[in-house]
Amino acid sequence: MTIAVIQFGGSNCDRDSVQALESMGVAAELVWHEDGLPEDTTGIMLPGGFSYGDYLRAGAMAARSPIMADVRDAAADGTPVLGVCNGAQIGCESTLTPGAFTTNESARFQCEHVHLRVENADTPWTAQYEEGEVIELPIAHGEGRYEITDERLDELERDGRILFKYCDAEGEVTPEANPNGSKHAVAGVTGERDHVAVMMPHPERASLDDLGRTDGQPVLDGFAD
Amino acid sequence: MTAFTATVTVRLKHGVLDPEAETTQRSLERLGFELEDLRSADMFELDIDADSADAAADRADEMAERLLANPTIHDYDVEVMARE
C-alpha cells in the first residue's frame with residue numbers, strides 16, 4: 001500500500017506529510033499533480049501549503065485541476081482521502097467535503113497551537129481517540145473559518161460528520177477558544193462517507209516522537225486501517 | 001458572432017462575515033471618514049464572443065457557477081454589454 005501525497009505548485013507540507021507517515025511505518029510518496037495517481041495508490045493525502053498562491057480563494061485552483069477528478073473517482077471507490085489545511089480548503093472547494101473555509105474572523109494569518117475536542121471517535125481518522133478527548137495540534141492558516149448554512153451544519157452535527165471542534169484545555173467549546181471564528185467551532189468534517197475527511201489543524205506537525213507531542217499520529221493512522 | 005463583455009460580480013452572501021471589509025471600514029474611520037457600512041466584492045470582466053447577449057450571459061453564468069464564485073458563501077450577478 002502507498003499513500004499518495006499530492007503536490008501542487010505551492011504545496012509546502014508535502015514532505016512533512018510523507019515523513020510523518022513513513023515514521024509511522026505507512027508507505028507514502030510524493031505525487032506531482034500533473035503526473036496523475038499511481039496505480040498502487042491506497043490512500044490520498046492533500047497536504048497543506050498555498051497551492052496556486054491562494055489565487056481567487058484558497059484551494060480554488062487546485063480543486064479544479066485534472067488530478068482532482070482522479071481523487072474524486074478514487075474516493076467514490078472507497079480510497080481514504082485526508083485533506084489538511086490547504087488540502088482541507090481544496091477538499092471543500094472540490095465538494096469532496098461540505099462547506100467552505102474562508103477568511104479568519106481576525107483577518108490575520110494565525111500560527112499557534114490549539115486544543116481540539118474529538119466529536120466523533122467512530123471514523124477511521126479518530127478511532128484511536130475517545131469521544132470528548134482533548135488533543136493539541138498546530139494551526140497555520142489565514143482562511144480557516146468554517147462557513148456553511150445553519151441547516152446544513154445542523155445536518156452534519158446530527159449525522160456525526162464533525163470530527164473535531166476547537167475547545168479550551170478542559171474541552172469546553174467557547175468563543176475564546178475558537179481561533180478563527182468557525183461556525184460551531186468546526187475544525188474538521190467528513191465527506192458523505194467517513195473515509196473522506198478534511199481538517200484545518202496539522203496532524204503531521206504533531207506526529208514525530210523527536211518533536212514533542214504526537215497527538216496527530218492517530219489521525220494519520222487512519223490510512224493504515 | 002458578436003463581441004461582448006460580461007461583468008461578473010461575486011459577493012459574500014448576506015450574513016456571511018467579511019473580516020477584510022470590517023478591517024477596511026475601521027481603517028477608513030481612522031482616516032476620519034464617516035460611513036455606516038462597507039461591503040466588498042470581486043469583479044471579473046470576461047470578453048466573450050457569442051451569437052447573442054443571452055448566450056454570452058449563459059457562458060459567464062456557468063463560469064461563475066464552476067469557478068468564480070463558491071456557492072456555499074457567495075452570490076453573484078452577471079451583466080453583459082456589447083464590446084467595441
# chains A, B, ... in the order shown; residues from 1 in each chain; ligands from 1
>>> residues_around(residues="B:Thr2", least_positions_apart="5", cutoff="6 Å", atoms="only C-alpha atoms", output="PDB file with C-alpha atoms, in the first residue's frame")
ATOM      1  CA  ASP B  49     -17.658  36.279 -28.459  1.00  0.00           C
ATOM      2  CA  ALA B  50     -21.120  34.741 -28.760  1.00  0.00           C
ATOM      3  CA  ASP B  51     -24.193  34.621 -31.003  1.00  0.00           C
TER       4      ASP B  51
END
>>> residues_around(residues="stretch 4-21 of chain B", least_positions_apart="6", cutoff="7 Å", atoms="only C-alpha atoms", output="PyMOL selection string")
(chain A and resi 103+105-107) or (chain B and resi 38-49+56-57+60+69+73-83)
>>> closest_residue(among="B:Glu36, B:Glu22, B:Glu29, B:Asp54", to="chain A", atoms="only C-alpha atoms")
B:Glu22
>>> interface_residues(of="chain A", to="chain B", cutoff="10 Å", atoms="only C-alpha atoms", output="list in words")
Leu56, Arg57, Ala60, Met61, Ala63, Arg64, Cys92, Glu93, Pro98, Gly99, Ala100, Phe101, Thr102, Thr103, Asn104, Glu105, Ser106, Ala107, Arg108, Arg145, Glu147, Ile148, Thr149 and Gly181 of chain A
>>> write_last_selection(atoms="C-alpha atoms", output="PDB file, in the first residue's frame")
ATOM      1  CA  LEU A  56      -9.200  33.622  -6.159  1.00  0.00           C
ATOM      2  CA  ARG A  57      -9.857  31.636  -2.950  1.00  0.00           C
ATOM      3  CA  ALA A  60      -9.997  27.079  -5.646  1.00  0.00           C
ATOM      4  CA  MET A  61      -7.500  26.426  -8.439  1.00  0.00           C
ATOM      5  CA  ALA A  63      -9.684  21.833  -6.624  1.00  0.00           C
ATOM      6  CA  ARG A  64     -10.282  22.172 -10.355  1.00  0.00           C
ATOM      7  CA  CYS A  92     -14.282  21.725   0.294  1.00  0.00           C
ATOM      8  CA  GLU A  93     -13.721  23.655  -2.949  1.00  0.00           C
ATOM      9  CA  PRO A  98     -19.270  20.142   2.656  1.00  0.00           C
ATOM     10  CA  GLY A  99     -18.920  23.831   3.497  1.00  0.00           C
ATOM     11  CA  ALA A 100     -16.102  26.292   2.892  1.00  0.00           C
ATOM     12  CA  PHE A 101     -13.036  27.542   4.740  1.00  0.00           C
ATOM     13  CA  THR A 102     -12.759  31.292   4.400  1.00  0.00           C
ATOM     14  CA  THR A 103     -11.025  34.329   5.914  1.00  0.00           C
ATOM     15  CA  ASN A 104     -10.324  34.095   9.660  1.00  0.00           C
ATOM     16  CA  GLU A 105     -12.526  36.293  11.816  1.00  0.00           C
ATOM     17  CA  SER A 106      -9.350  38.138  12.849  1.00  0.00           C
ATOM     18  CA  ALA A 107      -8.468  38.780   9.168  1.00  0.00           C
ATOM     19  CA  ARG A 108      -4.971  37.633  10.167  1.00  0.00           C
ATOM     20  CA  ARG A 145     -13.111  29.899   9.288  1.00  0.00           C
ATOM     21  CA  GLU A 147     -18.769  28.514   6.849  1.00  0.00           C
ATOM     22  CA  ILE A 148     -21.896  26.651   5.872  1.00  0.00           C
ATOM     23  CA  THR A 149     -25.644  27.277   6.161  1.00  0.00           C
ATOM     24  CA  GLY A 181     -14.499  32.215  14.116  1.00  0.00           C
TER      25      GLY A 181
END
>>> residues_around(residues="A:Ser51", least_positions_apart="4", cutoff="8 Å", atoms="only C-alpha atoms", output="list in words")
Phe8, Gly9, Gly10, Ser11, Ala58, Gly59, Met61, Ala62 and Asn86 of chain A
>>> closest_residue(among="A:Glu192, A:Asp122, A:Asp54, A:Glu112", to="A:Ile139", atoms="only C-alpha atoms")
A:Glu112
>>> atom_distance(atom1="atom CA of A:Gly222", atom2="atom CA of A:Asp150")
29.1 Å
>>> residues_around(residues="A:Gln19", least_positions_apart="5", cutoff="12 Å", atoms="only C-alpha atoms", output="PDB file with C-alpha atoms, in the first residue's frame")
ATOM      1  CA  ILE A   3      -0.329   6.826   0.288  1.00  0.00           C
ATOM      2  CA  VAL A   5       0.726  12.840  -1.076  1.00  0.00           C
ATOM      3  CA  CYS A  13       3.552  20.429   3.861  1.00  0.00           C
ATOM      4  CA  ASP A  14       4.009  17.642   1.306  1.00  0.00           C
ATOM      5  CA  MET A  24       4.754   5.539  11.484  1.00  0.00           C
ATOM      6  CA  GLY A  25       5.510   2.735   9.058  1.00  0.00           C
ATOM      7  CA  VAL A  26       2.976   3.856   6.452  1.00  0.00           C
ATOM      8  CA  ALA A  27       4.454   3.864   2.939  1.00  0.00           C
ATOM      9  CA  ALA A  28       3.940   7.247   1.265  1.00  0.00           C
ATOM     10  CA  GLU A  29       5.197   9.006  -1.817  1.00  0.00           C
ATOM     11  CA  LEU A  30       5.086  12.466  -3.311  1.00  0.00           C
ATOM     12  CA  GLU A 204       1.512  15.725  10.521  1.00  0.00           C
ATOM     13  CA  ARG A 205       3.167  18.520  12.513  1.00  0.00           C
ATOM     14  CA  ALA A 206       2.492  16.656  15.743  1.00  0.00           C
ATOM     15  CA  SER A 207       3.499  13.149  14.720  1.00  0.00           C
ATOM     16  CA  LEU A 208       7.245  12.772  15.169  1.00  0.00           C
ATOM     17  CA  ASP A 209       8.455  11.421  18.513  1.00  0.00           C
ATOM     18  CA  GLN A 217      -0.452  10.308  14.865  1.00  0.00           C
ATOM     19  CA  LEU A 220      -2.627   9.685  10.062  1.00  0.00           C
TER      20      LEU A 220
END
>>> atom_distance(atom1="atom CA of A:Asp194", atom2="atom CA of A:Glu34")
27.1 Å
>>> atom_distance(atom1="atom CA of A:Pro138", atom2="atom CA of A:Gly216")
9.5 Å
